[in-house]
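Source file model-v7.cif; content: mmCIF, C-alpha atoms.
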data_my_file
#
loop_
_atom_site.label_atom_id
_atom_site.label_comp_id
_atom_site.auth_asym_id
_atom_site.auth_seq_id
_atom_site.Cartn_x
_atom_site.Cartn_y
_atom_site.Cartn_z
CA MET A 1 0.00 0.00 0.00
CA THR A 2 1.56 3.34 -1.00
CA LYS A 3 1.10 6.42 1.14
CA LYS A 4 -0.10 9.65 -0.42
CA ASN A 5 2.71 12.15 -0.81
CA LEU A 6 1.46 15.58 0.27
CA ASN A 7 4.53 17.36 -1.08
CA LEU A 8 2.75 18.43 -4.24
CA GLY A 9 4.31 20.92 -6.58
CA ILE A 10 7.62 19.08 -6.69
CA SER A 11 8.58 16.38 -9.12
CA ASN A 12 8.84 12.70 -8.16
CA GLY A 13 12.59 12.91 -8.50
CA ASP A 14 12.77 15.88 -6.15
CA SER A 15 10.44 14.10 -3.78
CA VAL A 16 12.81 11.14 -3.49
CA ALA A 17 15.80 13.47 -3.15
CA LEU A 18 13.92 15.56 -0.56
CA ALA A 19 13.67 12.61 1.82
CA ASP A 20 17.42 12.11 1.53
CA TRP A 21 18.17 15.83 2.03
CA ILE A 22 15.94 15.94 5.11
CA ARG A 23 17.64 12.90 6.58
CA ARG A 24 21.07 14.43 6.04
CA ALA A 25 19.94 17.81 7.34
CA LYS A 26 18.71 16.13 10.54
CA ASN A 27 22.25 14.95 11.00
CA GLY A 28 23.56 18.52 10.69
CA ASP A 29 24.37 18.64 6.97
CA ILE A 30 23.74 22.30 6.14
CA SER A 31 24.34 21.97 2.41
CA SER A 32 21.49 19.43 2.27
CA TYR A 33 19.28 21.81 4.23
CA GLN A 34 20.08 24.52 1.70
CA LYS A 35 18.68 22.28 -1.03
CA VAL A 36 15.47 21.94 0.97
CA TYR A 37 15.43 25.71 1.42
CA ASN A 38 15.89 26.33 -2.32
CA LEU A 39 12.93 24.10 -3.08
CA PHE A 40 10.43 25.83 -0.80
CA ALA A 41 11.67 29.25 0.31
CA ARG A 42 10.16 31.27 -2.53
CA LYS A 43 6.71 29.75 -1.99
CA VAL A 44 6.93 30.42 1.73
CA LEU A 45 8.09 34.01 1.18
CA ASN A 46 5.19 34.76 -1.15
CA PHE A 47 2.64 33.12 1.10
CA ILE A 48 3.83 35.16 4.07
CA HIS A 49 3.95 38.31 1.96
CA ARG A 50 0.29 37.89 1.01
CA MET A 51 -0.58 37.50 4.66
CA VAL A 52 1.42 40.38 6.14
CA ASN A 53 1.54 42.70 3.11
CA SER A 54 5.07 43.82 3.84
CA ILE A 55 8.17 42.65 1.96
CA GLU A 56 10.55 43.39 4.82
CA GLU A 57 8.40 41.60 7.34
CA ALA A 58 7.83 38.72 4.92
CA GLU A 59 11.59 38.26 4.52
CA ASP A 60 12.15 38.37 8.29
CA LEU A 61 9.42 35.85 8.91
CA THR A 62 10.72 33.60 6.12
CA GLN A 63 14.13 33.57 7.82
CA GLU A 64 12.57 32.77 11.17
CA THR A 65 10.51 30.03 9.59
CA PHE A 66 13.49 28.25 8.09
CA ILE A 67 15.55 28.60 11.25
CA SER A 68 12.70 27.13 13.25
CA VAL A 69 12.17 24.36 10.70
CA TYR A 70 15.83 23.40 11.01
CA GLN A 71 15.57 23.25 14.79
CA LYS A 72 12.43 21.14 14.63
CA LEU A 73 13.50 18.76 11.88
CA GLY A 74 14.03 16.04 14.43
CA THR A 75 10.30 16.09 15.23
CA LEU A 76 9.27 15.49 11.61
CA LYS A 77 8.27 11.82 11.42
CA ASP A 78 6.87 11.66 7.92
CA ASP A 79 8.91 13.21 5.09
CA ASP A 80 5.90 12.98 2.78
CA ARG A 81 4.21 15.63 4.89
CA PHE A 82 7.10 18.07 4.92
CA GLU A 83 5.44 20.83 2.85
CA PRO A 84 2.19 21.13 4.84
CA TRP A 85 4.27 20.94 8.03
CA LEU A 86 6.55 23.73 6.76
CA PHE A 87 3.60 25.96 5.89
CA ARG A 88 2.02 25.31 9.28
CA ILE A 89 5.16 26.68 10.90
CA ALA A 90 5.18 29.68 8.54
CA ARG A 91 1.54 30.32 9.35
CA ASN A 92 2.28 30.26 13.08
CA PHE A 93 4.92 32.94 12.61
CA VAL A 94 2.43 35.05 10.63
CA TYR A 95 -0.10 34.88 13.46
CA GLN A 96 2.57 35.66 16.03
CA SER A 97 3.44 38.76 14.04
CA TYR A 98 -0.23 39.79 14.05
CA ARG A 99 -0.17 39.71 17.86
CA VAL A 100 2.99 41.82 17.97
CA ARG A 101 1.97 44.27 15.28
CA GLN A 102 0.71 47.63 16.48
CA PRO A 103 -2.76 48.67 15.31
CA GLY A 104 -2.72 50.86 12.21
CA THR A 105 0.69 49.67 11.04
CA ILE A 106 1.05 50.37 7.38
CA SER A 107 2.96 48.45 4.78
CA THR A 108 6.68 49.23 4.71
CA ASP A 109 7.45 47.80 1.31
CA ILE A 110 10.78 48.85 -0.09
CA VAL A 111 10.17 50.65 -3.37
CA ASP A 112 12.35 52.07 -6.12
CA GLU A 113 12.29 55.65 -7.44
CA ASP A 114 9.16 54.89 -9.46
CA GLY A 115 7.41 53.58 -6.41
CA GLN A 116 7.61 49.94 -7.49
CA PRO A 117 8.57 47.18 -5.02
CA LEU A 118 12.32 46.79 -5.34
CA ASN A 119 12.60 43.06 -5.63
CA GLN A 120 9.88 42.44 -8.17
CA LEU A 121 11.29 41.80 -11.60
CA ALA A 122 9.92 43.65 -14.59
CA ASP A 123 8.33 41.56 -17.28
CA ALA A 124 10.59 42.12 -20.30
CA ARG A 125 7.99 40.63 -22.66
CA LYS A 126 5.66 43.61 -22.31
CA ASN A 127 6.02 47.10 -23.80
CA PRO A 128 6.12 50.02 -21.33
CA ASP A 129 2.38 50.77 -21.57
CA GLU A 130 1.44 47.16 -21.12
CA GLU A 131 3.97 46.87 -18.34
CA PHE A 132 2.47 49.83 -16.56
CA GLN A 133 -1.05 48.52 -16.95
CA SER A 134 0.04 45.08 -15.82
CA ARG A 135 1.70 46.52 -12.72
CA GLU A 136 -1.41 48.51 -11.94
CA LEU A 137 -3.55 45.40 -12.15
CA ASP A 138 -0.99 43.47 -10.08
CA GLU A 139 -1.38 46.19 -7.50
CA VAL A 140 -5.15 45.89 -7.67
CA VAL A 141 -5.03 42.14 -7.08
CA ALA A 142 -2.54 42.58 -4.24
CA LYS A 143 -4.79 45.13 -2.55
CA VAL A 144 -7.89 43.01 -3.06
CA ILE A 145 -6.22 40.00 -1.44
CA ALA A 146 -4.82 42.16 1.37
CA SER A 147 -8.28 43.55 2.06
CA LEU A 148 -9.91 40.14 2.49
CA PRO A 149 -10.84 39.13 6.04
CA GLU A 150 -7.99 37.09 7.54
CA LYS A 151 -9.93 33.85 7.56
CA TYR A 152 -10.71 34.11 3.83
CA ARG A 153 -7.34 35.56 2.85
CA GLU A 154 -5.49 32.61 4.33
CA VAL A 155 -7.45 29.90 2.52
CA PHE A 156 -7.56 31.94 -0.68
CA VAL A 157 -3.79 32.44 -0.74
CA LEU A 158 -3.05 28.81 0.04
CA SER A 159 -5.53 27.47 -2.46
CA ALA A 160 -5.84 29.96 -5.34
CA VAL A 161 -2.36 31.45 -5.15
CA ARG A 162 -0.15 28.68 -3.77
CA ARG A 163 -2.22 25.94 -5.44
CA PHE A 164 -2.46 23.65 -2.46
CA SER A 165 -5.25 21.11 -2.61
CA TYR A 166 -8.22 21.63 -0.30
CA GLN A 167 -7.00 18.65 1.75
CA GLN A 168 -3.56 20.22 2.15
CA VAL A 169 -5.08 23.57 3.10
CA ALA A 170 -7.20 21.83 5.76
CA GLU A 171 -4.09 20.13 7.12
CA ILE A 172 -2.05 23.35 7.18
CA ILE A 173 -4.61 25.47 8.99
CA GLY A 174 -6.01 22.66 11.13
CA ARG A 175 -9.65 22.86 10.05
CA SER A 176 -12.09 20.45 8.48
CA LEU A 177 -12.30 19.94 4.74
CA PRO A 178 -15.96 21.06 4.42
CA SER A 179 -15.17 24.25 6.37
CA VAL A 180 -12.19 25.01 4.16
CA LYS A 181 -14.22 24.35 1.00
CA THR A 182 -16.93 26.77 2.13
CA ASP A 183 -14.47 29.53 3.00
CA ILE A 184 -12.58 29.17 -0.27
CA HIS A 185 -15.86 29.63 -2.14
CA ARG A 186 -16.76 32.68 -0.06
CA ALA A 187 -13.29 34.13 -0.60
CA ARG A 188 -13.66 33.69 -4.37
CA LEU A 189 -17.03 35.43 -4.31
CA GLU A 190 -15.52 38.32 -2.36
CA VAL A 191 -12.56 38.61 -4.74
CA ARG A 192 -14.86 38.52 -7.73
CA LYS A 193 -16.95 41.33 -6.26
CA ARG A 194 -13.86 43.50 -5.80
CA VAL A 195 -12.29 42.90 -9.22
CA LYS A 196 -15.52 42.93 -11.18
CA GLU A 197 -14.89 46.31 -12.72
CA TYR A 198 -11.56 45.12 -14.14
CA LEU A 199 -12.94 42.02 -15.75
CA GLN A 200 -13.44 42.27 -19.49
CA MET B 1 -29.22 19.04 -8.27
CA ASP B 2 -30.75 22.47 -7.68
CA CYS B 3 -29.18 25.86 -8.41
CA GLU B 4 -28.39 26.65 -4.78
CA LEU B 5 -26.39 23.44 -4.33
CA CYS B 6 -24.73 23.83 -7.72
CA ALA B 7 -23.67 27.41 -6.95
CA SER B 8 -22.04 26.31 -3.69
CA GLU B 9 -19.97 23.72 -5.56
CA LEU B 10 -18.72 25.94 -8.38
CA SER B 11 -15.40 26.95 -6.79
CA ALA B 12 -14.54 23.35 -5.98
CA TYR B 13 -15.63 22.43 -9.51
CA LEU B 14 -13.28 25.03 -10.99
CA ASP B 15 -10.45 23.83 -8.72
CA GLN B 16 -11.14 20.18 -9.70
CA GLU B 17 -11.70 19.26 -6.09
CA LEU B 18 -15.01 17.45 -6.52
CA SER B 19 -15.50 13.72 -6.59
CA GLU B 20 -16.17 12.16 -9.97
CA GLY B 21 -19.86 11.73 -9.25
CA ARG B 22 -20.39 15.25 -7.95
CA ASN B 23 -18.37 16.68 -10.82
CA ALA B 24 -20.64 14.96 -13.29
CA GLN B 25 -23.73 16.30 -11.48
CA VAL B 26 -22.45 19.88 -11.62
CA SER B 27 -21.47 19.54 -15.29
CA LYS B 28 -24.88 18.21 -16.16
CA HIS B 29 -26.68 20.95 -14.24
CA VAL B 30 -24.58 23.74 -15.73
CA GLU B 31 -25.25 22.44 -19.25
CA GLY B 32 -28.94 22.79 -18.69
CA CYS B 33 -29.06 25.96 -16.56
CA SER B 34 -28.10 29.32 -18.08
CA SER B 35 -27.89 31.24 -14.79
CA CYS B 36 -25.52 28.66 -13.24
CA ALA B 37 -23.54 28.59 -16.47
CA GLU B 38 -23.18 32.36 -16.30
CA GLU B 39 -22.17 32.18 -12.63
CA LEU B 40 -19.52 29.60 -13.47
CA GLU B 41 -18.19 31.72 -16.32
CA SER B 42 -18.01 34.79 -14.10
CA LEU B 43 -16.07 32.90 -11.39
CA LYS B 44 -13.74 31.51 -14.05
CA ARG B 45 -12.96 35.00 -15.40
CA ALA B 46 -12.18 36.28 -11.90
CA LYS B 47 -9.97 33.24 -11.26
CA VAL B 48 -8.00 33.76 -14.47
CA PHE B 49 -7.67 37.52 -13.80
CA VAL B 50 -6.19 36.89 -10.35
CA GLU B 51 -3.84 34.19 -11.64
CA ASN B 52 -2.57 36.51 -14.38
CA HIS B 53 -1.88 39.34 -11.96
CA ILE B 54 -0.40 37.60 -8.97
CA GLY B 55 2.97 39.23 -8.54
CA GLU B 56 5.61 37.02 -6.99
CA LEU B 57 8.51 38.19 -4.90
CA GLU B 58 11.94 36.91 -5.77
CA LEU B 59 14.10 35.36 -3.10
CA ARG B 60 17.07 37.52 -2.20
CA PRO B 61 20.33 35.62 -1.47
CA GLU B 62 20.69 37.56 1.78
CA ILE B 63 17.82 35.59 3.31
CA TRP B 64 19.69 32.30 3.04
CA LYS B 65 22.88 33.90 4.30
CA SER B 66 21.09 35.00 7.46
CA VAL B 67 19.49 31.57 7.92
CA ARG B 68 22.81 29.84 7.39
CA ALA B 69 24.62 32.08 9.86
CA GLN B 70 22.05 31.20 12.53
CA ILE B 71 21.84 27.45 12.00
CA ALA B 72 25.63 27.06 11.73
CA THR B 73 25.83 27.83 15.45
CA MET B 74 23.17 25.24 16.37
CA GLU B 75 23.44 21.58 17.15
CA ALA B 76 22.27 19.06 14.59
CA PRO B 77 18.48 18.72 14.80
CA ASP B 78 18.63 14.97 15.30
CA PRO B 79 22.17 13.62 15.71
CA SER B 80 20.77 10.11 16.15
CA ALA B 81 19.57 10.28 12.54
CA GLY B 82 22.52 8.19 11.38
CA PHE B 83 22.73 5.05 9.26
CA PHE B 84 19.81 3.31 10.88
CA SER B 85 17.48 6.30 10.60
CA PHE B 86 16.31 5.02 7.21
CA LEU B 87 14.47 2.31 9.15
CA PHE B 88 12.09 4.97 10.40
CA THR B 89 11.21 6.51 7.07
CA SER B 90 7.73 5.79 5.80
CA ARG B 91 8.96 3.22 3.29
CA TRP B 92 10.79 1.11 5.82
CA ARG B 93 8.52 1.62 8.80
CA THR B 94 6.10 -1.15 7.87
CA ALA B 95 8.91 -3.60 7.20
CA THR B 96 10.58 -2.65 10.48
CA ALA B 97 7.34 -3.11 12.43
CA ALA B 98 6.61 -6.46 10.77
CA THR B 99 10.15 -7.67 11.51
CA ALA B 100 9.86 -6.56 15.14
CA ILE B 101 6.53 -8.40 15.54
CA ALA B 102 7.89 -11.57 13.91
CA LEU B 103 10.96 -11.47 16.18
CA SER B 104 8.78 -11.01 19.26
CA ILE B 105 6.63 -14.00 18.32
CA ALA B 106 9.72 -16.11 17.62
CA VAL B 107 11.30 -15.20 20.97
CA GLY B 108 8.02 -15.88 22.75
CA MET B 109 7.68 -19.30 21.15
CA TRP B 110 11.28 -20.19 21.94
CA GLN B 111 10.80 -19.22 25.58
CA TYR B 112 7.61 -21.28 25.75
CA LEU B 113 9.40 -24.31 24.34
CA GLN B 114 12.20 -23.76 26.86
CA TYR B 115 9.60 -23.65 29.64
CA ARG B 116 7.99 -26.88 28.49
CA GLU B 117 11.32 -28.60 28.28
CA ALA B 118 12.22 -27.44 31.78
CA ARG B 119 8.89 -28.58 33.13
CA LYS B 120 9.32 -32.00 31.54
CA ASP B 121 12.75 -32.28 33.09
CA LEU B 122 11.33 -31.31 36.46
CA GLN B 123 8.59 -33.92 36.26
CA GLN B 124 11.12 -36.56 35.33
CA TYR B 125 13.35 -35.44 38.18
CA MET B 126 10.49 -35.68 40.67
CA THR B 127 9.57 -39.11 39.43
CA ASP B 128 13.13 -40.33 39.75
CA TYR B 129 13.39 -38.83 43.22
CA ILE B 130 10.23 -40.54 44.42
CA GLN B 131 11.35 -43.81 42.96
CA THR B 132 14.66 -43.55 44.74
CA ARG B 133 12.97 -42.74 48.05
CA GLU B 134 10.58 -45.62 47.72
CA MET B 135 13.37 -48.01 47.00
CA LYS B 136 15.07 -46.86 50.15
CA ASP B 137 11.98 -46.86 52.38
CA GLY B 138 10.33 -50.01 50.93
CA ALA B 139 7.07 -48.86 49.38
CA LEU B 140 3.74 -50.76 49.80
CA GLN B 141 2.78 -53.01 46.94
CA LEU B 142 -0.61 -51.64 46.19
CA PRO B 143 -3.08 -53.26 43.77
CA GLY B 144 -2.37 -52.42 40.18
CA ALA B 145 1.37 -52.09 40.67
CA ASP B 146 3.86 -54.63 39.47
CA MET B 147 7.45 -55.30 40.46
CA ALA B 148 9.09 -54.47 37.19
CA GLY B 149 7.07 -51.74 35.63
CA ASN B 150 4.62 -49.04 36.66
CA ALA B 151 6.43 -48.57 39.92
CA SER B 152 5.99 -44.87 39.51
CA ASN B 153 2.23 -45.15 39.71
CA ALA B 154 2.56 -47.24 42.86
CA ASN B 155 4.94 -44.75 44.37
CA LEU B 156 2.68 -41.89 43.57
CA LEU B 157 -0.22 -43.73 45.19
CA HIS B 158 1.98 -44.43 48.17
CA LEU B 159 2.65 -40.76 48.59
CA LYS B 160 -1.00 -40.00 48.26
CA TYR B 161 -2.19 -42.51 50.87
CA MET B 162 0.72 -42.66 53.30
CA ASN B 163 -1.09 -40.58 55.88
CA ASN B 164 -4.45 -42.19 55.31
CA PRO B 165 -5.32 -44.29 58.42
CA PHE B 166 -7.49 -46.60 56.41
CA VAL B 167 -4.66 -47.58 54.11
CA PHE B 168 -2.21 -50.09 55.63
CA ASP B 169 0.52 -52.55 54.72
CA ARG B 170 -1.41 -55.71 53.98
CA SER B 171 1.67 -57.84 53.65
CA GLU B 172 2.32 -57.57 57.41
CA ASP B 173 -1.29 -58.48 58.21
CA ILE B 174 -1.12 -61.47 55.98
CA GLN B 175 2.04 -62.67 57.61
CA SER B 176 0.75 -62.15 61.19
CA ASN B 177 -2.65 -63.75 60.62
CA PRO B 178 -2.80 -66.79 62.85
CA PHE B 179 -5.51 -68.36 60.79
CA ARG B 180 -3.44 -68.15 57.68
CA THR B 181 -2.54 -71.47 56.22
CA GLU B 182 0.59 -72.29 54.29
CA ASP B 183 -1.20 -72.59 51.03
CA ARG B 184 -2.84 -69.20 51.32
#

Target encoding structure tokens, full file:
Amino acid sequence: MTKKNLNLGISNGDSVALADWIRRAKNGDISSYQKVYNLFARKVLNFIHRMVNSIEEAEDLTQETFISVYQKLGTLKDDDRFEPWLFRIARNFVYQSYRVRQPGTISTDIVDEDGQPLNQLADARKNPDEEFQSRELDEVVAKVIASLPEKYREVFVLSAVRRFSYQQVAEIIGRSLPSVKTDIHRARLEVRKRVKEYLQ
Amino acid sequence: MDCELCASELSAYLDQELSEGRNAQVSKHVEGCSSCAEELESLKRAKVFVENHIGELELRPEIWKSVRAQIATMEAPDPSAGFFSFLFTSRWRTATAATAIALSIAVGMWQYLQYREARKDLQQYMTDYIQTREMKDGALQLPGADMAGNASNANLLHLKYMNNPFVFDRSEDIQSNPFRTEDR
């Protein structure tokens, strides 16, 4: 009987290698841990960014997440569940930051001279007008997601943005599958309402 | 399937999260219902719009450098995760458990056989001991016992009845009976 691998989004080859990297990392092999980091860090960073709406804070929390994951690797019993486990830890750091954050804190994104976030790459395929329009719409989507109630934002980001299955989302946030399914639907309805004017 | 139920399933339908049966029900309903079809189309457009305009941050190398600097000063998360740690991975766990159970049963059976052997030896020892004692003390020849064989049964009976006042050595009575004749 084969067990379901919940590390979706990575190839079968990476999945087999991941188990080996985790085992070596448990034994203190930092270069193996770096391979694990390279596989998941970008996803974690972007998930956290959607939740806290601040690049600087997202980077800090990503660091803390991966330091904590390294410390807790010995408690991971099932390598096939590494990704949901990793995102659970990231989520915990997000909620800790909510408790620490002062009311009314605004986003402190680092921007360039044109007011664009510094570490977002320009899309070279588009001409300047298209690029500008695209960035505007990116901004719209970012604001819409940021404005969602926390409960809906979380499931929407994990499901619609990070492409986790409903089952994985339920495992990450510790809620039932029917509850997650309902909230994802409500989040989609809310997002649709807010972007309606931009839909062609 | 009614429109209210269908509408509640549309997100899961779009995300391909429905079971095969439910998926077929939604498909069939949408084919025949223009308002649900329009609702589905509207949700699909919003989904595609969001997917096309999700900006992703790039990972700066400095993040790993900070992580590395921190973890380099820490102990290994699980130093016991050496050669034999593969036994505890999901692939090997079942085999390890099955082997452990089989070994436990084998050890249990061996110990049981050892116990039976020891008990047999003890019984034999007790039998031999009683036999030796009886030979020394001169056991009663009780009915059913013969001189050559089955002495053990006689000896066991002797032990059982030795304190019974109604059991006595008949051979002495026979010898001391004044009315006994030579041919009796």

What residues in chain A have any atom no more than 6 Å from chain B when counting all atoms listed in the file, and can you write them as a PyMOL selection string? chain A and resi 26-28+42+63+67+71+73-74+120+138+185+192

By how many Å are atom CA of Ala102 of chain B and atom CA of Arg116 of chain B apart?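 Distance between the two atoms: 21.1 Å.
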
Result set, the PyMOL selection byres ((chain A and resi 52-61) around 7) on current file, as a PyMOL selection string: (chain A and resi 45+48-51+62-65+93+107-109+146) or (chain B and resi 63)

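What separates atom CA of Thr99 of chain B from atom CA of Lys77 of chain A is a distance of 19.6 Å.
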
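Residues within 12 Å of Arg175 of chain A, counting only C-alpha atoms and excluding same-chain residues fewer than 5 positions away, are Arg88, Lys151, Val155, Tyr166, Gln167, Gln168, Val169, Ala170, Val180, Lys181, Thr182 and Asp183 of chain A.
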
From atom CA of Leu158 of chain A to atom CA of Ile172 of chain A the spacing works out at 9.0 Å

Listed atoms of segment 98-104 of chain B boxed axis-aligned with 6 Å per side, centre + edges as AutoDock Vina command-line options:
--center_x 8.7 --center_y -9.0 --center_z 15.0 --size_x 16.4 --size_y 17.1 --size_z 20.5

Using the chain letters and numbers from the file, give me the residues hit by the PyMOL selection byres ((chain B and resi 30-36) around 12), as a list in words.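 On the file shown, the PyMOL selection byres ((chain B and resi 30-36) around 12) covers Met1, Asp2, Cys3, Glu4, Leu5, Cys6, Ala7, Ser8, Glu9, Leu10, Tyr13, Asn23, Ala24, Gln25, Val26, Ser27, Lys28, His29, Ala37, Glu38, Glu39, Leu40, Glu41, Ser42 and Leu43 of chain B.
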
Could you please give me, as number ranges by chain, the residues of protein, DNA or RNA lying at most 10 Å from (21.3, 18.2, 0.9) in the coordinate frame of the file, considering all atoms listed in the file? A: 17-25, 29-37
